[in-house]
>>> print(open('structure19.pdb').read())   # PDB, C-alpha atoms
ATOM      1  CA  VAL A  25     131.164 189.342-104.991
ATOM      2  CA  THR A  26     133.867 190.819-102.786
ATOM      3  CA  ALA A  27     134.117 188.089-100.116
ATOM      4  CA  LEU A  28     134.224 184.318-100.623
ATOM      5  CA  ASN A  29     134.051 181.995 -97.613
ATOM      6  CA  LEU A  30     134.849 178.332 -98.355
ATOM      7  CA  GLN A  31     136.014 177.273 -94.896
ATOM      8  CA  LYS A  32     135.603 173.722 -93.603
ATOM      9  CA  ASN A  33     135.103 171.990 -96.929
ATOM     10  CA  LYS A  34     137.227 169.374 -98.643
ATOM     11  CA  ILE A  35     139.063 171.504-101.153
ATOM     12  CA  GLY A  36     142.425 169.973-101.900
ATOM     13  CA  PRO A  37     145.204 171.056-104.259
ATOM     14  CA  GLU A  38     143.162 170.108-107.342
ATOM     15  CA  GLY A  39     140.189 172.196-106.243
ATOM     16  CA  VAL A  40     142.535 175.062-105.488
ATOM     17  CA  ARG A  41     143.472 175.146-109.171
ATOM     18  CA  PHE A  42     139.971 176.374-110.025
ATOM     19  CA  ILE A  43     140.179 179.060-107.345
ATOM     20  CA  CYS A  44     143.537 180.172-108.677
ATOM     21  CA  GLU A  45     142.207 180.538-112.205
ATOM     22  CA  LEU A  46     139.527 182.782-110.739
ATOM     23  CA  LEU A  47     142.089 184.865-108.820
ATOM     24  CA  LYS A  48     144.043 185.512-111.993
ATOM     25  CA  VAL A  49     141.113 187.215-113.728
ATOM     26  CA  ASN A  50     138.762 188.414-110.983
ATOM     27  CA  ARG A  51     138.735 192.152-110.231
ATOM     28  CA  THR A  52     136.274 192.343-107.305
ATOM     29  CA  LEU A  53     137.241 189.707-104.715
ATOM     30  CA  THR A  54     138.991 191.194-101.685
ATOM     31  CA  ILE A  55     138.492 188.467 -99.043
ATOM     32  CA  LEU A  56     139.174 184.744 -99.511
ATOM     33  CA  GLU A  57     138.528 182.370 -96.591
ATOM     34  CA  LEU A  58     139.960 178.879 -97.143
ATOM     35  CA  GLY A  59     140.394 177.750 -93.547
ATOM     36  CA  TYR A  60     140.192 174.059 -92.693
ATOM     37  CA  ASN A  61     140.366 172.544 -96.118
ATOM     38  CA  GLU A  62     143.049 170.138 -97.305
ATOM     39  CA  ILE A  63     145.188 172.528 -99.282
ATOM     40  CA  GLY A  64     148.637 171.557 -98.006
ATOM     41  CA  SER A  65     151.875 172.995 -99.342
ATOM     42  CA  GLY A  66     150.974 172.122-102.936
ATOM     43  CA  GLY A  67     147.799 174.172-102.843
ATOM     44  CA  THR A  68     149.669 177.005-101.157
ATOM     45  CA  GLU A  69     152.153 177.107-104.012
ATOM     46  CA  LEU A  70     149.312 177.450-106.529
ATOM     47  CA  ILE A  71     147.661 180.254-104.537
ATOM     48  CA  CYS A  72     150.931 182.162-104.281
ATOM     49  CA  GLU A  73     151.452 181.945-108.030
ATOM     50  CA  ALA A  74     147.945 183.296-108.654
ATOM     51  CA  LEU A  75     148.434 186.165-106.215
ATOM     52  CA  LYS A  76     151.394 187.398-108.209
ATOM     53  CA  VAL A  77     148.931 188.612-110.843
ATOM     54  CA  ASN A  78     145.873 189.340-108.674
ATOM     55  CA  LYS A  79     145.365 193.042-107.949
ATOM     56  CA  THR A  80     142.456 193.074-105.477
ATOM     57  CA  LEU A  81     142.766 190.435-102.733
ATOM     58  CA  THR A  82     143.463 192.050 -99.360
ATOM     59  CA  THR A  83     142.614 189.180 -96.960
ATOM     60  CA  LEU A  84     143.728 185.552 -97.220
ATOM     61  CA  ASN A  85     142.774 182.974 -94.598
ATOM     62  CA  LEU A  86     144.659 179.659 -94.778
ATOM     63  CA  TYR A  87     143.865 178.573 -91.208
ATOM     64  CA  GLY A  88     144.303 174.848 -90.510
ATOM     65  CA  ASN A  89     145.536 173.659 -93.893
ATOM     66  CA  ALA A  90     148.733 171.856 -92.844
ATOM     67  CA  ILE A  91     150.881 173.945 -95.165
ATOM     68  CA  GLY A  92     153.949 173.319 -92.990
ATOM     69  CA  ASP A  93     157.395 174.793 -93.480
ATOM     70  CA  LYS A  94     157.304 174.041 -97.214
ATOM     71  CA  GLY A  95     154.122 176.081 -97.669
ATOM     72  CA  ALA A  96     155.640 178.898 -95.624
ATOM     73  CA  LEU A  97     158.531 178.955 -98.079
ATOM     74  CA  PHE A  98     156.134 179.673-100.964
ATOM     75  CA  ILE A  99     154.586 182.514 -98.982
ATOM     76  CA  TRP A 100     158.064 183.875 -98.261
ATOM     77  CA  ARG A 101     158.802 183.967-101.971
ATOM     78  CA  LEU A 102     155.471 185.655-102.762
ATOM     79  CA  LEU A 103     155.866 188.389-100.156
ATOM     80  CA  LYS A 104     159.534 189.014-100.766
ATOM     81  CA  GLU A 105     159.327 189.199-104.553
ATOM     82  CA  ASN A 106     156.078 191.183-104.615
ATOM     83  CA  VAL A 107     156.502 193.837-101.946
ATOM     84  CA  ASN A 108     153.543 195.915-103.145
ATOM     85  CA  LEU A 109     150.869 193.227-103.101
ATOM     86  CA  PRO A 110     147.384 194.449-102.098
ATOM     87  CA  LEU A 111     147.366 191.709 -99.422
ATOM     88  CA  THR A 112     147.119 193.234 -95.936
ATOM     89  CA  ILE A 113     145.697 190.454 -93.718
ATOM     90  CA  LEU A 114     147.213 186.964 -93.680
ATOM     91  CA  ASP A 115     146.056 184.090 -91.461
ATOM     92  CA  LEU A 116     148.516 181.190 -91.193
ATOM     93  CA  SER A 117     147.226 179.783 -87.912
ATOM     94  CA  ALA A 118     147.250 176.053 -87.102
ATOM     95  CA  ASN A 119     149.457 175.075 -90.020
ATOM     96  CA  ASN A 120     152.214 173.077 -88.326
ATOM     97  CA  ILE A 121     154.748 175.789 -89.111
ATOM     98  CA  LYS A 122     157.973 175.329 -87.141
ATOM     99  CA  ASN A 123     161.405 176.982 -87.007
ATOM    100  CA  ASP A 124     162.225 176.900 -90.727
ATOM    101  CA  GLY A 125     158.774 178.135 -91.696
ATOM    102  CA  VAL A 126     158.810 180.902 -89.106
ATOM    103  CA  LYS A 127     162.194 182.004 -90.422
ATOM    104  CA  SER A 128     160.814 182.128 -93.973
ATOM    105  CA  ILE A 129     157.805 184.251 -93.005
ATOM    106  CA  CYS A 130     159.968 186.608 -90.964
ATOM    107  CA  GLU A 131     162.410 187.033 -93.836
ATOM    108  CA  ALA A 132     159.453 188.105 -95.962
ATOM    109  CA  LEU A 133     158.226 190.571 -93.340
ATOM    110  CA  LYS A 134     161.569 192.340 -93.421
ATOM    111  CA  ALA A 135     160.937 193.359 -97.032
ATOM    112  CA  ASN A 136     157.135 193.450 -97.258
ATOM    113  CA  ARG A 137     155.375 196.815 -96.911
ATOM    114  CA  THR A 138     151.695 195.811 -97.070
ATOM    115  CA  ILE A 139     150.891 193.113 -94.471
ATOM    116  CA  THR A 140     149.273 194.836 -91.487
ATOM    117  CA  LYS A 141     147.843 191.843 -89.623
ATOM    118  CA  LEU A 142     149.473 188.433 -89.279
ATOM    119  CA  TYR A 143     147.604 185.621 -87.538
ATOM    120  CA  PHE A 144     150.088 182.967 -86.451
ATOM    121  CA  ASN A 145     148.130 181.184 -83.731
ATOM    122  CA  GLU A 146     148.493 177.477 -82.931
ATOM    123  CA  ASN A 147     151.803 176.834 -84.610
ATOM    124  CA  THR A 148     155.060 175.986 -82.843
ATOM    125  CA  ILE A 149     156.997 179.000 -81.597
ATOM    126  CA  ARG A 150     159.870 178.260 -79.262
ATOM    127  CA  GLU A 151     162.842 180.437 -78.356
ATOM    128  CA  THR A 152     164.621 179.989 -81.694
ATOM    129  CA  SER A 153     161.481 180.874 -83.650
ATOM    130  CA  MET A 154     160.879 183.897 -81.445
ATOM    131  CA  LYS A 155     164.326 185.216 -82.326
ATOM    132  CA  PHE A 156     163.264 185.262 -85.982
ATOM    133  CA  ILE A 157     160.059 187.119 -85.109
ATOM    134  CA  CYS A 158     161.963 189.685 -83.049
ATOM    135  CA  TRP A 159     164.419 190.188 -85.864
ATOM    136  CA  ALA A 160     161.546 190.999 -88.255
ATOM    137  CA  LEU A 161     159.805 193.319 -85.800
ATOM    138  CA  LYS A 162     162.899 195.455 -85.472
ATOM    139  CA  VAL A 163     162.796 196.399 -89.171
ATOM    140  CA  ASN A 164     159.181 195.910 -90.332
ATOM    141  CA  LYS A 165     157.233 199.181 -90.631
ATOM    142  CA  SER A 166     153.794 197.965 -91.731
ATOM    143  CA  LEU A 167     152.655 195.305 -89.242
ATOM    144  CA  THR A 168     150.092 196.652 -86.759
ATOM    145  CA  GLY A 169     148.601 193.386 -85.479
ATOM    146  CA  LEU A 170     150.430 190.180 -84.476
ATOM    147  CA  TYR A 171     148.505 187.199 -83.131
ATOM    148  CA  LEU A 172     150.527 184.455 -81.419
ATOM    149  CA  ASP A 173     147.934 182.602 -79.329
ATOM    150  CA  LYS A 174     148.407 178.935 -78.341
ATOM    151  CA  ASN A 175     152.032 178.633 -79.374
ATOM    152  CA  GLY A 176     153.637 177.355 -76.189
ATOM    153  CA  ILE A 177     155.471 180.651 -75.704
ATOM    154  CA  GLY A 178     157.301 180.849 -72.374
ATOM    155  CA  ASP A 179     158.959 183.576 -70.341
ATOM    156  CA  LYS A 180     162.315 183.433 -72.141
ATOM    157  CA  SER A 181     160.631 184.038 -75.478
ATOM    158  CA  ILE A 182     158.519 186.828 -73.996
ATOM    159  CA  LYS A 183     161.687 188.557 -72.820
ATOM    160  CA  LEU A 184     163.063 188.486 -76.366
ATOM    161  CA  LEU A 185     159.784 189.755 -77.795
ATOM    162  CA  CYS A 186     159.546 192.639 -75.345
ATOM    163  CA  GLU A 187     163.107 193.720 -76.056
ATOM    164  CA  SER A 188     162.387 193.891 -79.785
ATOM    165  CA  LEU A 189     159.158 195.832 -79.275
ATOM    166  CA  LYS A 190     161.064 198.567 -77.488
ATOM    167  CA  LYS A 191     162.431 199.366 -80.954
ATOM    168  CA  ASN A 192     159.140 198.972 -82.834
ATOM    169  CA  ASN A 193     156.698 201.865 -83.143
ATOM    170  CA  THR A 194     154.099 200.443 -85.525
ATOM    171  CA  LEU A 195     152.600 197.389 -83.751
ATOM    172  CA  THR A 196     149.371 198.324 -81.959
ATOM    173  CA  THR A 197     147.863 194.884 -81.224
ATOM    174  CA  LEU A 198     149.685 191.892 -79.739
ATOM    175  CA  SER A 199     147.762 188.747 -78.803
ATOM    176  CA  LEU A 200     149.439 186.126 -76.587
ATOM    177  CA  SER A 201     146.553 184.213 -75.040
ATOM    178  CA  SER A 202     146.826 180.549 -73.981
ATOM    179  CA  ASN A 203     150.618 180.379 -73.875
ATOM    180  CA  TYR A 204     152.959 179.559 -70.958
ATOM    181  CA  ILE A 205     153.574 183.073 -69.688
ATOM    182  CA  GLY A 206     154.410 183.150 -65.990
ATOM    183  CA  ASP A 207     155.311 185.806 -63.432
ATOM    184  CA  ASP A 208     158.590 186.715 -65.103
ATOM    185  CA  GLY A 209     156.905 186.996 -68.473
ATOM    186  CA  ILE A 210     154.195 189.333 -67.264
ATOM    187  CA  GLY A 211     156.925 191.399 -65.619
ATOM    188  CA  PHE A 212     158.671 191.800 -68.985
ATOM    189  CA  ILE A 213     155.370 192.808 -70.612
ATOM    190  CA  CYS A 214     154.649 195.423 -67.953
ATOM    191  CA  GLU A 215     158.140 196.889 -68.277
ATOM    192  CA  LEU A 216     157.641 197.092 -72.041
ATOM    193  CA  LEU A 217     154.366 198.960 -71.691
ATOM    194  CA  LYS A 218     156.065 201.601 -69.577
ATOM    195  CA  VAL A 219     158.129 202.667 -72.568
ATOM    196  CA  ASN A 220     156.134 201.500 -75.599
ATOM    197  CA  SER A 221     153.579 204.090 -76.743
ATOM    198  CA  THR A 222     151.997 202.291 -79.672
ATOM    199  CA  LEU A 223     150.598 199.060 -78.194
ATOM    200  CA  THR A 224     147.007 199.817 -77.328
TER     201      THR A 224
END
>>> encode(input="structure19.pdb", output="structure tokens")
Amino acid sequence: VTALNLQKNKIGPEGVRFICELLKVNRTLTILELGYNEIGSGGTELICEALKVNKTLTTLNLYGNAIGDKGALFIWRLLKENVNLPLTILDLSANNIKNDGVKSICEALKANRTITKLYFNENTIRETSMKFICWALKVNKSLTGLYLDKNGIGDKSIKLLCESLKKNNTLTTLSLSSNYIGDDGIGFICELLKVNSTLT
């Protein structure tokens, strides 16, 4: 088995313990889908501890698990202290992650060399959070896909994002659907695309 999909069940922190024991010894699993369970920050901590010893998992989906800023802190520690993890795709969408959590994830992205796709849809990204994202994008050299749909992102934040992407030459996919981008915002995006040669 290389892919395990357990989305939309009722797996809480206790159930996660069994999954973590598996992750510590399994040598074939590359994809783990745990979206819409009841993992919370406690379950996230357990998963992060298991991933420190796992050598095969490349995709982790934690969509809709209410991990919050505390859970994001555990992920920060995992990514920062284990820069050569096999993990390349991370989905943290719909997890009630706000400024502090965004800052934690972005701190990790500054050091991490393996994450290529980050799904961060349906969280809360305002101007302060966007500054953290921009800061990470200026130095990260591995991220090729960034997904920020349904985050309430407005024109001011788009301006910041576009300025940072003028200095980034690795990101190829940027998703911003269902935000609050207006005329000014689309103007910033169009100006960016005149000079950015990697976004496709």
>>> closest_residue(input="structure19.pdb", among="A:Lys127, A:Lys48, A:Arg150, A:Lys141", to="Leu185 (chain A)", atoms="only C-alpha atoms")
A:Arg150
>>> axis_aligned_box(input="structure19.pdb", around="region 134-153 of chain A", padding_each_side="5 Å", output="lines of an AutoDock Vina configuration file")
center_x = 156.1
center_y = 186.4
center_z = -87.8
size_x = 27.0
size_y = 30.8
size_z = 28.9
>>> resolve_selection(input="structure19.pdb", expression="the PyMOL selection byres ((chain A and resi 201-207) around 10)", output="list of chain:residue names")
A:Asn145, A:Glu146, A:Tyr171, A:Leu172, A:Asp173, A:Lys174, A:Asn175, A:Gly176, A:Ile177, A:Gly178, A:Asp179, A:Lys180, A:Ser181, A:Ile182, A:Leu198, A:Ser199, A:Leu200, A:Asp208, A:Gly209, A:Ile210, A:Gly211, A:Phe212, A:Ile213
>>> write_last_selection(input="structure19.pdb", atoms="C-alpha atoms", output="tab-separated table (two decimals), in the frame of the given file")
chain	number	residue	atom	x	y	z
A	145	ASN	CA	148.13	181.18	-83.73
A	146	GLU	CA	148.49	177.48	-82.93
A	171	TYR	CA	148.50	187.20	-83.13
A	172	LEU	CA	150.53	184.46	-81.42
A	173	ASP	CA	147.93	182.60	-79.33
A	174	LYS	CA	148.41	178.94	-78.34
A	175	ASN	CA	152.03	178.63	-79.37
A	176	GLY	CA	153.64	177.36	-76.19
A	177	ILE	CA	155.47	180.65	-75.70
A	178	GLY	CA	157.30	180.85	-72.37
A	179	ASP	CA	158.96	183.58	-70.34
A	180	LYS	CA	162.32	183.43	-72.14
A	181	SER	CA	160.63	184.04	-75.48
A	182	ILE	CA	158.52	186.83	-74.00
A	198	LEU	CA	149.68	191.89	-79.74
A	199	SER	CA	147.76	188.75	-78.80
A	200	LEU	CA	149.44	186.13	-76.59
A	208	ASP	CA	158.59	186.72	-65.10
A	209	GLY	CA	156.90	187.00	-68.47
A	210	ILE	CA	154.20	189.33	-67.26
A	211	GLY	CA	156.93	191.40	-65.62
A	212	PHE	CA	158.67	191.80	-68.98
A	213	ILE	CA	155.37	192.81	-70.61
>>> closest_residue(input="structure19.pdb", among="A:Leu167, A:Ile71, A:Leu114, A:Leu103", to="Tyr143 (chain A)", atoms="only C-alpha atoms")
A:Leu114
>>> residues_around(input="structure19.pdb", residues="region 110-113 of chain A", least_positions_apart="6", cutoff="12 Å", atoms="all atoms listed in the file", output="ChimeraX atom specification")
/A:53-57,72,75-86,99,102-103,133,136-144,166-171
>>> atom_distance(input="structure19.pdb", atom1="CA of Leu58 (chain A)", atom2="CA of Ile121 (chain A)")
17.1 Å
>>> residues_around(input="structure19.pdb", residues="region 159-162 of chain A", least_positions_apart="6", cutoff="7 Å", atoms="all atoms listed in the file", output="list in words")
Cys130, Glu131, Leu133, Lys134, Ser188, Lys191 and Asn192 of chain A
>>> atom_distance(input="structure19.pdb", atom1="CA of Gln31 (chain A)", atom2="CA of Ile63 (chain A)")
11.2 Å
>>> resolve_selection(input="structure19.pdb", expression="the PyMOL selection byres ((chain A and resi 91) around 9)", output="ChimeraX atom specification")
/A:62-68,86,88-90,92-96,116,119-121
>>> atom_distance(input="structure19.pdb", atom1="CA of Glu73 (chain A)", atom2="CA of Leu30 (chain A)")
19.6 Å
>>> closest_residue(input="structure19.pdb", among="A:Asn220, A:Asn50, A:Asn106, A:Thr194", to="Ala132 (chain A)", atoms="all atoms listed in the file")
A:Asn106
>>> resolve_selection(input="structure19.pdb", expression="the PyMOL selection byres ((chain A and resi 148) around 6)", output="PDB file with C-alpha atoms, in the frame of the given file")
ATOM      1  CA  LYS A 122     157.973 175.329 -87.141  1.00  0.00           C
ATOM      2  CA  ASN A 147     151.803 176.834 -84.610  1.00  0.00           C
ATOM      3  CA  ILE A 149     156.997 179.000 -81.597  1.00  0.00           C
ATOM      4  CA  ASN A 175     152.032 178.633 -79.374  1.00  0.00           C
TER       5      ASN A 175
END
>>> closest_residue(input="structure19.pdb", among="A:Thr152, A:Thr224, A:Asn61, A:Thr197", to="Ala118 (chain A)", atoms="only C-alpha atoms")
A:Asn61
>>> closest_residue(input="structure19.pdb", among="A:Cys214, A:Ala27, A:Leu70, A:Leu184", to="Cys44 (chain A)", atoms="only C-alpha atoms")
A:Leu70
>>> residues_near_point(input="structure19.pdb", point="(140.3, 170.0, -99.3)", cutoff="8 Å", atoms="all atoms listed in the file", output="mmCIF file with C-alpha atoms, keeping the file's coordinate frame")
data_model
loop_
_atom_site.group_PDB
_atom_site.id
_atom_site.type_symbol
_atom_site.label_atom_id
_atom_site.label_comp_id
_atom_site.auth_asym_id
_atom_site.auth_seq_id
_atom_site.Cartn_x
_atom_site.Cartn_y
_atom_site.Cartn_z
ATOM 1 C CA ASN A 33 135.103 171.990 -96.929
ATOM 2 C CA LYS A 34 137.227 169.374 -98.643
ATOM 3 C CA ILE A 35 139.063 171.504 -101.153
ATOM 4 C CA GLY A 36 142.425 169.973 -101.900
ATOM 5 C CA PRO A 37 145.204 171.056 -104.259
ATOM 6 C CA GLY A 39 140.189 172.196 -106.243
ATOM 7 C CA TYR A 60 140.192 174.059 -92.693
ATOM 8 C CA ASN A 61 140.366 172.544 -96.118
ATOM 9 C CA GLU A 62 143.049 170.138 -97.305
ATOM 10 C CA ILE A 63 145.188 172.528 -99.282
#
>>> closest_residue(input="structure19.pdb", among="A:Glu151, A:Ser117, A:Val126, A:Ala74", to="Leu97 (chain A)", atoms="all atoms listed in the file")
A:Val126
